[in-house]
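Colleague: What follows is work.cif, made up of mmCIF, C-alpha atoms and all ligand atoms:
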```cif
data_data
#
loop_
_atom_site.label_atom_id
_atom_site.label_comp_id
_atom_site.auth_asym_id
_atom_site.auth_seq_id
_atom_site.Cartn_x
_atom_site.Cartn_y
_atom_site.Cartn_z
CA MET A 5 0.00 0.00 0.00
CA LYS A 6 1.29 3.46 -0.88
CA LEU A 7 0.53 6.58 1.16
CA TYR A 8 1.72 10.13 0.65
CA ASN A 9 4.12 11.27 3.34
CA THR A 10 4.08 15.03 3.93
CA GLN A 11 7.57 14.83 5.40
CA SER A 12 9.26 13.11 2.42
CA GLN A 13 6.86 14.81 -0.03
CA SER A 14 6.45 11.50 -1.84
CA LEU A 15 4.40 8.34 -1.97
CA GLN A 16 5.81 5.81 0.44
CA GLU A 17 5.26 2.06 0.70
CA PHE A 18 3.33 1.26 3.85
CA GLU A 19 3.06 -2.41 4.79
CA PRO A 20 0.11 -2.72 7.14
CA GLN A 21 0.10 -6.44 7.89
CA ALA A 22 3.36 -6.71 9.79
CA HIS A 23 2.26 -5.38 13.16
CA THR A 24 -0.13 -3.21 15.06
CA VAL A 25 -0.32 0.20 13.41
CA LYS A 26 0.02 3.04 15.89
CA LEU A 27 -2.06 5.92 14.55
CA TYR A 28 -2.43 9.35 16.16
CA VAL A 29 -4.77 11.98 14.73
CA CYS A 30 -5.07 15.48 16.18
CA GLY A 31 -8.56 15.94 17.53
CA ILE A 32 -10.81 18.91 18.05
CA THR A 33 -10.51 21.96 20.24
CA PRO A 34 -14.01 21.76 21.68
CA TYR A 35 -15.55 25.22 21.62
CA ASP A 36 -17.98 24.99 18.72
CA THR A 37 -20.01 22.69 16.47
CA THR A 38 -18.52 20.04 14.19
CA HIS A 39 -18.39 21.39 10.62
CA LEU A 40 -17.95 19.60 7.32
CA GLY A 41 -14.17 20.18 7.36
CA HIS A 42 -13.91 18.23 10.65
CA ALA A 43 -16.13 15.49 9.26
CA ALA A 44 -13.97 15.24 6.12
CA THR A 45 -10.83 14.77 8.23
CA TYR A 46 -12.19 12.21 10.69
CA CYS A 47 -14.08 10.28 7.99
CA ALA A 48 -10.89 10.13 5.86
CA PHE A 49 -8.97 8.63 8.78
CA ASP A 50 -11.91 6.32 9.43
CA VAL A 51 -11.56 5.01 5.87
CA LEU A 52 -7.83 4.56 6.50
CA VAL A 53 -8.44 2.64 9.75
CA ARG A 54 -11.12 0.44 8.21
CA TYR A 55 -9.04 -0.29 5.11
CA LEU A 56 -5.96 -1.16 7.17
CA GLU A 57 -8.17 -3.57 9.14
CA TYR A 58 -9.57 -5.01 5.88
CA ARG A 59 -5.95 -5.62 4.81
CA GLY A 60 -5.30 -7.58 8.00
CA ALA A 61 -3.72 -4.97 10.28
CA THR A 62 -4.63 -4.22 13.85
CA VAL A 63 -4.92 -0.48 14.32
CA ASP A 64 -4.28 1.15 17.68
CA TYR A 65 -5.87 4.53 17.22
CA CYS A 66 -5.46 7.61 19.39
CA GLU A 67 -7.32 10.87 18.86
CA ASN A 68 -7.06 13.67 21.38
CA VAL A 69 -9.17 16.49 22.76
CA THR A 70 -7.41 19.84 23.13
CA ASP A 71 -9.50 20.79 26.13
CA ILE A 72 -7.23 23.55 27.46
CA ASP A 73 -6.18 26.07 24.86
CA ASP A 74 -6.35 29.78 24.03
CA ASP A 75 -9.62 29.16 22.14
CA THR A 76 -11.49 27.38 24.94
CA ILE A 77 -10.31 29.94 27.54
CA ARG A 78 -11.27 32.89 25.30
CA GLU A 79 -14.68 31.55 24.24
CA ALA A 80 -15.99 30.27 27.59
CA PRO A 81 -16.78 33.64 29.26
CA LYS A 82 -18.46 34.90 26.06
CA ARG A 83 -20.88 32.03 26.45
CA GLY A 84 -21.37 32.40 30.17
CA THR A 85 -19.54 29.21 31.11
CA ASN A 86 -16.05 27.99 32.00
CA TRP A 87 -13.51 26.24 29.76
CA ARG A 88 -14.15 22.80 31.27
CA GLU A 89 -17.92 22.87 30.81
CA LEU A 90 -17.59 24.38 27.35
CA GLY A 91 -15.14 21.61 26.41
CA ASN A 92 -17.36 18.85 27.79
CA THR A 93 -20.42 20.19 26.00
CA TRP A 94 -18.81 20.46 22.57
CA THR A 95 -16.87 17.23 22.90
CA ALA A 96 -20.17 15.46 23.59
CA HIS A 97 -21.69 17.15 20.50
CA PHE A 98 -18.71 16.07 18.40
CA ILE A 99 -19.00 12.49 19.63
CA ARG A 100 -22.70 12.39 18.77
CA ASP A 101 -21.87 13.58 15.24
CA MET A 102 -19.17 10.91 14.94
CA ILE A 103 -21.63 8.21 16.07
CA ALA A 104 -24.24 9.46 13.58
CA LEU A 105 -21.62 9.27 10.80
CA ASN A 106 -20.62 5.75 11.88
CA VAL A 107 -16.99 6.73 12.49
CA ARG A 108 -15.04 4.02 14.30
CA PRO A 109 -14.08 5.35 17.76
CA PRO A 110 -10.44 5.77 18.69
CA ASP A 111 -9.02 3.24 21.17
CA HIS A 112 -7.57 6.12 23.19
CA TYR A 113 -9.23 9.51 23.60
CA PRO A 114 -7.04 11.54 25.97
CA ARG A 115 -7.60 15.12 26.98
CA ALA A 116 -4.68 17.52 27.21
CA THR A 117 -5.45 18.01 30.90
CA ASP A 118 -4.92 14.25 31.48
CA VAL A 119 -1.19 14.61 30.77
CA ILE A 120 -0.05 17.67 32.74
CA PRO A 121 2.68 15.68 34.63
CA GLU A 122 4.01 14.29 31.33
CA ILE A 123 4.04 17.78 29.81
CA ILE A 124 6.10 19.04 32.75
CA GLU A 125 8.56 16.13 32.28
CA PHE A 126 8.90 17.05 28.60
CA ASP A 127 9.58 20.68 29.44
CA LYS A 128 12.15 19.82 32.14
CA LYS A 129 14.09 17.52 29.86
CA LEU A 130 14.02 19.91 26.93
CA ILE A 131 15.46 22.61 29.20
CA GLU A 132 18.15 20.20 30.48
CA LYS A 133 19.14 19.33 26.93
CA GLY A 134 19.39 22.96 25.87
CA PHE A 135 16.40 23.02 23.52
CA ALA A 136 14.20 25.10 25.79
CA TYR A 137 14.51 27.88 28.36
CA GLU A 138 12.54 29.33 31.24
CA SER A 139 11.65 32.99 31.16
CA GLY A 140 9.38 34.84 33.58
CA GLY A 141 7.50 31.71 34.68
CA SER A 142 7.00 30.47 31.12
CA VAL A 143 9.01 27.92 29.16
CA TYR A 144 9.81 28.27 25.46
CA PHE A 145 11.26 25.99 22.83
CA HIS A 146 14.28 27.70 21.29
CA VAL A 147 13.80 27.08 17.58
CA SER A 148 17.32 28.02 16.53
CA ALA A 149 18.73 25.33 18.89
CA TYR A 150 17.25 22.68 16.56
CA ASP A 151 18.63 22.81 13.04
CA LYS A 152 16.10 20.38 11.56
CA PHE A 153 13.15 22.67 12.29
CA GLY A 154 11.23 22.87 8.99
CA GLN A 155 11.79 19.22 8.03
CA LEU A 156 8.06 18.47 7.84
CA SER A 157 6.56 21.63 6.34
CA HIS A 158 9.52 22.51 4.07
CA ILE A 159 8.67 26.16 4.66
CA PRO A 160 11.70 28.44 4.22
CA LYS A 161 12.88 29.95 7.52
CA SER A 162 12.18 33.45 6.14
CA GLU A 163 8.45 32.64 5.73
CA MET A 164 7.88 30.74 8.98
CA LEU A 165 7.19 33.67 11.25
CA ALA A 166 4.39 35.18 9.15
CA ILE A 167 2.57 31.83 8.96
CA ALA A 168 3.10 31.06 12.66
CA ASN A 169 1.67 34.48 13.55
CA GLU A 170 -1.54 33.69 11.66
CA ARG A 171 -1.86 30.44 13.62
CA GLY A 172 -1.59 31.41 17.26
CA ASN A 173 2.02 32.61 17.66
CA PHE A 174 2.67 35.76 19.71
CA PRO A 175 5.81 37.27 18.15
CA ASP A 176 5.90 40.28 20.48
CA ASP A 177 5.96 38.29 23.73
CA PRO A 178 8.84 40.11 25.50
CA LYS A 179 9.85 36.97 27.40
CA LYS A 180 10.95 35.17 24.20
CA ARG A 181 14.51 35.19 22.90
CA ASP A 182 13.29 34.90 19.33
CA PRO A 183 9.82 35.69 17.89
CA LEU A 184 9.58 32.20 16.36
CA ASP A 185 10.21 30.43 19.70
CA PHE A 186 7.05 28.72 20.81
CA VAL A 187 5.59 28.28 24.25
CA LEU A 188 5.82 24.95 26.11
CA TRP A 189 4.48 26.27 29.40
CA GLN A 190 2.79 29.62 29.91
CA ALA A 191 2.75 31.44 33.23
CA GLN A 192 -0.73 31.98 34.60
CA ALA A 193 -2.45 35.13 33.36
CA PRO A 194 -5.03 36.75 35.68
CA GLY A 195 -8.24 34.75 35.77
CA GLU A 196 -6.85 31.84 33.75
CA PRO A 197 -6.84 28.19 34.91
CA ALA A 198 -3.46 26.98 36.14
CA TRP A 199 -1.55 23.92 37.32
CA ASP A 200 1.54 23.86 39.55
CA SER A 201 4.90 23.47 37.88
CA PRO A 202 8.59 23.96 38.73
CA TRP A 203 8.23 27.40 37.05
CA GLY A 204 5.17 28.45 38.98
CA PRO A 205 1.47 28.14 38.18
CA GLY A 206 0.57 28.02 34.51
CA ARG A 207 -0.80 25.93 31.68
CA PRO A 208 0.69 24.01 28.76
CA GLY A 209 1.29 25.36 25.28
CA TRP A 210 -0.77 23.80 22.49
CA HIS A 211 1.93 21.85 20.63
CA ILE A 212 3.43 20.14 23.69
CA GLU A 213 0.02 18.71 24.58
CA CYS A 214 0.01 16.46 21.50
CA SER A 215 3.64 15.41 22.01
CA ALA A 216 2.82 14.36 25.58
CA MET A 217 -0.46 12.58 24.77
CA ASN A 218 1.28 10.74 21.94
CA TYR A 219 4.20 9.71 24.12
CA LYS A 220 2.01 8.60 27.02
CA THR A 221 -0.16 6.51 24.70
CA PHE A 222 2.41 5.02 22.34
CA GLY A 223 5.96 5.68 23.56
CA PRO A 224 8.72 7.31 21.51
CA THR A 225 7.66 6.53 17.91
CA ILE A 226 4.46 5.92 15.98
CA ASP A 227 3.57 4.70 12.49
CA ILE A 228 1.20 7.37 11.20
CA HIS A 229 0.47 10.87 12.47
CA GLY A 230 -2.51 12.62 10.92
CA GLY A 231 -4.46 15.82 10.98
CA GLY A 232 -5.80 18.63 8.83
CA ALA A 233 -3.38 20.33 6.43
CA ASP A 234 -3.57 23.55 8.47
CA LEU A 235 -1.76 21.71 11.29
CA VAL A 236 1.41 20.93 9.29
CA PHE A 237 2.92 24.23 10.38
CA PRO A 238 3.48 25.16 13.06
CA HIS A 239 1.64 22.51 15.12
CA HIS A 240 3.14 19.31 13.71
CA GLU A 241 6.51 20.88 12.97
CA CYS A 242 6.70 21.84 16.66
CA GLU A 243 5.51 18.39 17.75
CA ILE A 244 8.44 16.74 15.95
CA ALA A 245 10.92 19.23 17.44
CA GLN A 246 9.63 18.53 20.96
CA THR A 247 9.30 14.77 20.69
CA VAL A 248 12.57 13.79 18.98
CA ASN A 249 14.58 16.07 21.24
CA PHE A 250 12.85 14.59 24.27
CA THR A 251 13.17 10.93 23.21
CA GLY A 252 16.53 11.08 21.43
CA GLU A 253 15.09 8.97 18.57
CA ASN A 254 15.90 10.08 15.05
CA TYR A 255 12.25 10.18 14.02
CA PHE A 256 8.82 10.56 15.56
CA ALA A 257 6.20 9.34 13.04
CA ARG A 258 7.12 7.07 10.11
CA LEU A 259 4.51 8.78 7.98
CA TRP A 260 2.62 12.09 8.16
CA MET A 261 -0.81 12.25 6.53
CA HIS A 262 -2.74 15.49 6.09
CA THR A 263 -6.26 16.09 4.88
CA ALA A 264 -7.00 18.96 2.51
CA MET A 265 -9.14 21.93 3.40
CA VAL A 266 -12.82 22.06 2.44
CA GLY A 267 -14.14 25.19 0.75
CA TYR A 268 -17.55 26.78 0.32
CA ASP A 269 -18.51 29.54 -2.13
CA GLY A 270 -14.95 29.98 -3.31
CA GLU A 271 -13.43 30.39 0.15
CA LYS A 272 -11.90 28.17 2.78
CA MET A 273 -14.59 26.98 5.18
CA SER A 274 -13.67 28.65 8.46
CA LYS A 275 -15.17 30.05 11.59
CA SER A 276 -13.68 33.49 10.99
CA LEU A 277 -15.32 33.75 7.55
CA GLY A 278 -18.63 32.56 8.99
CA ASN A 279 -19.24 30.11 6.13
CA LEU A 280 -19.27 26.88 8.08
CA VAL A 281 -21.48 24.00 6.96
CA MET A 282 -22.46 22.10 10.12
CA VAL A 283 -22.65 18.33 10.17
CA SER A 284 -25.73 18.35 12.42
CA ASP A 285 -27.56 20.59 9.90
CA LEU A 286 -26.62 18.36 6.97
CA LEU A 287 -27.86 15.31 8.87
CA LYS A 288 -31.30 16.89 9.25
CA GLN A 289 -31.76 16.70 5.48
CA HIS A 290 -29.46 13.91 4.33
CA THR A 291 -28.85 10.34 5.41
CA PRO A 292 -25.56 9.50 7.14
CA ASP A 293 -24.77 7.09 4.28
CA SER A 294 -25.18 9.77 1.62
CA LEU A 295 -22.89 12.09 3.59
CA ARG A 296 -20.27 9.36 4.06
CA LEU A 297 -20.33 8.41 0.37
CA TYR A 298 -20.19 12.08 -0.59
CA LEU A 299 -17.07 12.53 1.59
CA ALA A 300 -15.49 9.34 0.22
CA LYS A 301 -15.92 10.74 -3.28
CA HIS A 302 -13.35 13.45 -2.48
CA HIS A 303 -9.70 12.47 -2.27
CA TYR A 304 -8.41 13.24 1.20
CA ARG A 305 -5.41 15.17 -0.13
CA LYS A 306 -7.13 17.39 -2.72
CA PRO A 307 -8.91 20.58 -1.63
CA TRP A 308 -12.58 20.62 -2.64
CA GLU A 309 -15.74 22.68 -2.35
CA PHE A 310 -19.05 21.78 -0.80
CA THR A 311 -22.10 21.65 -3.09
CA SER A 312 -25.44 20.23 -1.98
CA ALA A 313 -26.27 18.93 -5.49
CA ASP A 314 -23.44 16.38 -5.17
CA LEU A 315 -25.00 15.20 -1.92
CA ASP A 316 -28.22 14.38 -3.78
CA THR A 317 -26.23 12.31 -6.30
CA SER A 318 -24.67 10.39 -3.43
CA LEU A 319 -28.10 9.66 -1.99
CA SER A 320 -29.28 8.01 -5.22
CA GLU A 321 -26.03 6.03 -5.39
CA CYS A 322 -26.57 4.82 -1.82
CA THR A 323 -30.09 3.79 -2.76
CA GLN A 324 -28.73 1.71 -5.62
CA LEU A 325 -26.01 0.17 -3.42
CA THR A 326 -28.72 -0.82 -0.95
CA GLN A 327 -30.91 -2.29 -3.68
CA ALA A 328 -27.92 -4.29 -4.92
CA VAL A 329 -27.27 -5.95 -1.53
CA GLN A 330 -31.00 -6.61 -1.01
CA THR A 331 -32.03 -7.90 -4.41
CA SER A 332 -32.97 -11.56 -4.52
CA SER A 333 -30.37 -13.74 -6.11
CA GLY A 334 -30.88 -16.34 -8.81
CA ASP A 335 -29.05 -19.68 -8.64
CA ARG A 336 -27.52 -19.89 -12.10
CA HIS A 337 -23.70 -19.78 -12.29
CA ALA A 338 -22.27 -17.29 -9.86
CA MET A 339 -21.46 -13.77 -10.99
CA ASP A 340 -17.76 -13.00 -11.25
CA PHE A 341 -16.81 -9.92 -9.24
CA GLU A 342 -13.07 -10.53 -8.75
CA TYR A 343 -12.34 -7.70 -11.19
CA ALA A 344 -14.18 -5.29 -8.85
CA ARG A 345 -12.40 -6.56 -5.75
CA ALA A 346 -9.03 -6.18 -7.49
CA ALA A 347 -9.86 -2.66 -8.72
CA PHE A 348 -11.17 -1.62 -5.31
CA GLU A 349 -8.00 -2.78 -3.54
CA ARG A 350 -5.73 -1.36 -6.22
CA THR A 351 -7.29 2.09 -5.94
CA LEU A 352 -7.25 2.21 -2.13
CA ASP A 353 -3.67 0.89 -2.14
CA ASP A 354 -2.85 3.92 -4.27
CA ASP A 355 -2.78 6.61 -1.57
CA LEU A 356 -6.30 5.82 -0.40
CA ASN A 357 -7.97 6.84 -3.67
CA SER A 358 -11.46 6.61 -2.24
CA PRO A 359 -13.24 8.43 -5.12
CA ALA A 360 -12.06 5.77 -7.58
CA ALA A 361 -12.85 2.97 -5.12
CA ALA A 362 -16.35 4.40 -4.56
CA ASN A 363 -16.92 4.36 -8.32
CA VAL A 364 -15.94 0.70 -8.39
CA LEU A 365 -18.64 -0.05 -5.82
CA CYS A 366 -21.29 1.99 -7.65
CA GLU A 367 -20.50 0.13 -10.91
CA LEU A 368 -20.56 -3.20 -9.10
CA SER A 369 -23.98 -2.42 -7.64
CA ASN A 370 -25.25 -1.84 -11.17
CA ALA A 371 -23.73 -5.11 -12.36
CA ILE A 372 -25.25 -7.05 -9.44
CA LEU A 373 -28.73 -5.76 -10.27
CA GLU A 374 -28.29 -6.72 -13.94
CA HIS A 375 -26.99 -10.19 -13.14
CA ALA A 376 -29.73 -10.84 -10.56
CA ASP A 377 -32.30 -9.78 -13.15
CA VAL A 378 -31.30 -12.63 -15.44
CA GLY A 379 -31.25 -15.22 -12.67
CA ARG A 380 -27.53 -15.30 -11.87
CA ASP A 381 -26.26 -16.14 -8.39
CA VAL A 382 -25.07 -12.81 -6.92
CA ARG A 383 -24.85 -13.81 -3.26
CA GLU A 384 -21.06 -13.78 -2.94
CA ALA A 385 -20.86 -10.46 -4.77
CA GLN A 386 -23.48 -9.04 -2.39
CA THR A 387 -21.55 -10.23 0.67
CA TRP A 388 -18.36 -8.65 -0.60
CA LEU A 389 -20.14 -5.41 -1.57
CA ARG A 390 -21.44 -5.07 1.99
CA ARG A 391 -17.95 -5.61 3.35
CA ALA A 392 -16.38 -3.13 0.93
CA ALA A 393 -19.08 -0.48 1.51
CA SER A 394 -18.43 -0.72 5.25
CA ILE A 395 -14.91 0.62 4.64
CA PHE A 396 -16.57 3.93 3.78
CA GLY A 397 -18.71 3.60 6.91
CA LEU A 398 -21.84 2.85 4.87
CA ARG A 399 -24.63 0.95 6.60
CA LEU A 400 -26.87 0.33 3.53
CA ASP A 401 -29.93 -1.55 4.84
CA ALA A 402 -28.67 -1.94 8.42
CA TYR A 403 -30.25 0.24 11.08
CA GLY A 404 -28.19 2.98 12.71
CA PRO A 405 -24.45 3.00 13.40
CA GLU A 406 -22.48 -0.20 14.11
CA ALA A 407 -22.64 -1.49 17.68
CA ARG A 408 -18.87 -1.11 18.12
CA VAL A 409 -19.14 2.52 17.02
CA ARG A 410 -21.93 3.32 19.44
CA PHE A 411 -20.50 1.46 22.44
CA GLY A 412 -16.92 2.56 21.82
CA TRP A 413 -17.80 6.26 21.64
CA GLU A 414 -20.22 5.97 24.58
CA GLN A 415 -17.34 4.82 26.77
CA HIS A 416 -15.47 7.99 25.83
CA ILE A 417 -18.48 10.28 26.17
CA ASN A 418 -18.93 9.26 29.81
CA ARG A 419 -15.77 11.21 30.60
CA PHE A 420 -17.27 14.43 29.26
CA PRO A 421 -20.33 15.09 31.42
CA GLY A 422 -22.02 18.07 29.91
ZN ZN B 501 -2.18 17.94 17.75
#
```
With the file now loaded, output its structure as structure tokens.
Ligand SMILES: [Zn+2]

Modeller:
Amino acid sequence: MKLYNTQSQSLQEFEPQAHTVKLYVCGITPYDTTHLGHAATYCAFDVLVRYLEYRGATVDYCENVTDIDDDTIREAPKRGTNWRELGNTWTAHFIRDMIALNVRPPDHYPRATDVIPEIIEFDKKLIEKGFAYESGGSVYFHVSAYDKFGQLSHIPKSEMLAIANERGNFPDDPKKRDPLDFVLWQAQAPGEPAWDSPWGPGRPGWHIECSAMNYKTFGPTIDIHGGGADLVFPHHECEIAQTVNFTGENYFARLWMHTAMVGYDGEKMSKSLGNLVMVSDLLKQHTPDSLRLYLAKHHYRKPWEFTSADLDTSLSECTQLTQAVQTSSGDRHAMDFEYARAAFERTLDDDLNSPAAANVLCELSNAILEHADVGRDVREAQTWLRRAASIFGLRLDAYGPEARVRFGWEQHINRFPG
């Protein structure tokens, strides 16, 4: 199987069968509703997980919740609540959307606030090793102490600061030695939540949270690290810098996978532009299957735009897929569908080309209906079609999400009372 690695900027052979695949995907910062861009990311990784399982791998999947962050602290008072309640509420909403979309739950679902001791250990060791420094009760990673910074994003040093500033960096923080240095621990500001640390009360920086949750869950290295393309820089670049300098390993993730941004009306779908398409709104008018098939029909790595007309097409395709698995079979010589199985696997082996694989299934559903019409035995083809459709999370004629989806997420949701 070949997957595109952001770090090497090339397709890379990925052999899933050999062992348990350790997969970490950056989760939400819970302060608002799940939009279509979130759904596209988590459904793409769901297809990856389900296809790796289909190919015989065991996947150990960790997704996190960034429950303490500038966004949750800033938004909570505006909504008359505190960061913890706000986080619990929106995490529970997100989980309900994931259940509705039949997204396989992660095996591990840590919150940033679960790993405060690990974060402090990271910071201490990075200071000891000369990669970080304390200043005024805060701790910063000193970017110029690490000459491989930029290895993931391939952004020239001269352009890094402008991009970092758009994505949460504070260049004018007087406690920093260099404007590009990023915060590992920030001293408590008035009214902000805080934990004790060797540098006084404070809270973790955003990037170190994912390094610590990753390390606590999986140890020093993982197989695949994923997230939205807007996380490549600075978030994932900083994660590598923190983790490899903490562990001493020469790599962190074997492969970095990033999902493209989703647009609407010619612009990036974003909260600041106010053009978000919410998953819960879409699910009021469309079936979960049609939404899942619609998402599968966009390649995870190519930016695309939302149009509701395409959702209607997906609904009629789902109807035909369902008819194909339900139609009564004849008993004359069995229909050959090996060509479809081979094409399906070949396309998904090619950097998870789900649009091409979805077409294979739609064509197969047509062929099944034609063969059944003339009395051919289509039962094996139907069984395989069900199995293959489940890789896109489709339920066809089954009722509601899979039991493992519902029960798995419900175990996580219990930790977010809200
Ligand atoms: Zn992250």

Colleague: Could you check the closest approach to A:Asp177 for each of A:Asn92, A:Asn218, A:Ser142, A:Ser157 and tell me which residue wins, using all atoms listed in the file?

Modeller: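 Closest to A:Asp177, using all atoms listed in the file: A:Ser142.
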
Colleague: Let me make sure I understand: among A:Thr221, A:Thr24, A:Thr76, A:Gln192, which one has the smallest atom-to-atom distance to A:Pro114 if we use all atoms listed in the file?

Modeller: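 Comparing A:Thr221, A:Thr24, A:Thr76, A:Gln192 against A:Pro114, the winner is A:Thr221.
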
Colleague: Residues within 12 Å of ligand ZN 501 (chain B), counting all atoms listed in the file: report them as a ChimeraX atom specification.

Modeller: /A:28-33,66-71,73,114-116,209-218,229-244,262

Colleague: Keeping only C-alpha atoms, write those residues as a compact mmCIF listing (two decimals), in the coordinates of the input.

Modeller:
```
# COMPACT_ATOMS: atom_id res chain seq x y z
CA TYR A 28 -2.43 9.35 16.16
CA VAL A 29 -4.77 11.98 14.73
CA CYS A 30 -5.07 15.48 16.18
CA GLY A 31 -8.56 15.94 17.53
CA ILE A 32 -10.81 18.91 18.05
CA THR A 33 -10.51 21.96 20.24
CA CYS A 66 -5.46 7.61 19.39
CA GLU A 67 -7.32 10.87 18.86
CA ASN A 68 -7.06 13.67 21.38
CA VAL A 69 -9.17 16.49 22.76
CA THR A 70 -7.41 19.84 23.13
CA ASP A 71 -9.50 20.79 26.13
CA ASP A 73 -6.18 26.07 24.86
CA PRO A 114 -7.04 11.54 25.97
CA ARG A 115 -7.60 15.12 26.98
CA ALA A 116 -4.68 17.52 27.21
CA GLY A 209 1.29 25.36 25.28
CA TRP A 210 -0.77 23.80 22.49
CA HIS A 211 1.93 21.85 20.63
CA ILE A 212 3.43 20.14 23.69
CA GLU A 213 0.02 18.71 24.58
CA CYS A 214 0.01 16.46 21.50
CA SER A 215 3.64 15.41 22.01
CA ALA A 216 2.82 14.36 25.58
CA MET A 217 -0.46 12.58 24.77
CA ASN A 218 1.28 10.74 21.94
CA HIS A 229 0.47 10.87 12.47
CA GLY A 230 -2.51 12.62 10.92
CA GLY A 231 -4.46 15.82 10.98
CA GLY A 232 -5.80 18.63 8.83
CA ALA A 233 -3.38 20.33 6.43
CA ASP A 234 -3.57 23.55 8.47
CA LEU A 235 -1.76 21.71 11.29
CA VAL A 236 1.41 20.93 9.29
CA PHE A 237 2.92 24.23 10.38
CA PRO A 238 3.48 25.16 13.06
CA HIS A 239 1.64 22.51 15.12
CA HIS A 240 3.14 19.31 13.71
CA GLU A 241 6.51 20.88 12.97
CA CYS A 242 6.70 21.84 16.66
CA GLU A 243 5.51 18.39 17.75
CA ILE A 244 8.44 16.74 15.95
CA HIS A 262 -2.74 15.49 6.09
```

Colleague: So how far away is atom CA of A:Thr95 from atom CA of A:Arg419, in Å?

Modeller: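 Rounded to one decimal, the two atoms are 9.8 Å apart.
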
Colleague: Considering all atoms listed in the file, can you say which of A:Tyr137, A:Trp94, A:Tyr268, A:Phe18 comes closest to A:Leu52?

Modeller: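 Ranking A:Tyr137, A:Trp94, A:Tyr268, A:Phe18 by distance to A:Leu52, first place goes to A:Phe18.
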
Colleague: Name all residues at most 9 Å from A:Gln386 (count all atoms listed in the file; drop same-chain ones fewer than 2 positions away) and give them as a CSV table (one decimal) with C-alpha atoms, in the frame of the given file.

Modeller:
```csv
chain,number,residue,atom,x,y,z
A,328,ALA,CA,-27.9,-4.3,-4.9
A,329,VAL,CA,-27.3,-6.0,-1.5
A,330,GLN,CA,-31.0,-6.6,-1.0
A,331,THR,CA,-32.0,-7.9,-4.4
A,369,SER,CA,-24.0,-2.4,-7.6
A,372,ILE,CA,-25.2,-7.0,-9.4
A,382,VAL,CA,-25.1,-12.8,-6.9
A,383,ARG,CA,-24.8,-13.8,-3.3
A,384,GLU,CA,-21.1,-13.8,-2.9
A,388,TRP,CA,-18.4,-8.6,-0.6
A,389,LEU,CA,-20.1,-5.4,-1.6
A,390,ARG,CA,-21.4,-5.1,2.0
A,391,ARG,CA,-18.0,-5.6,3.4
```
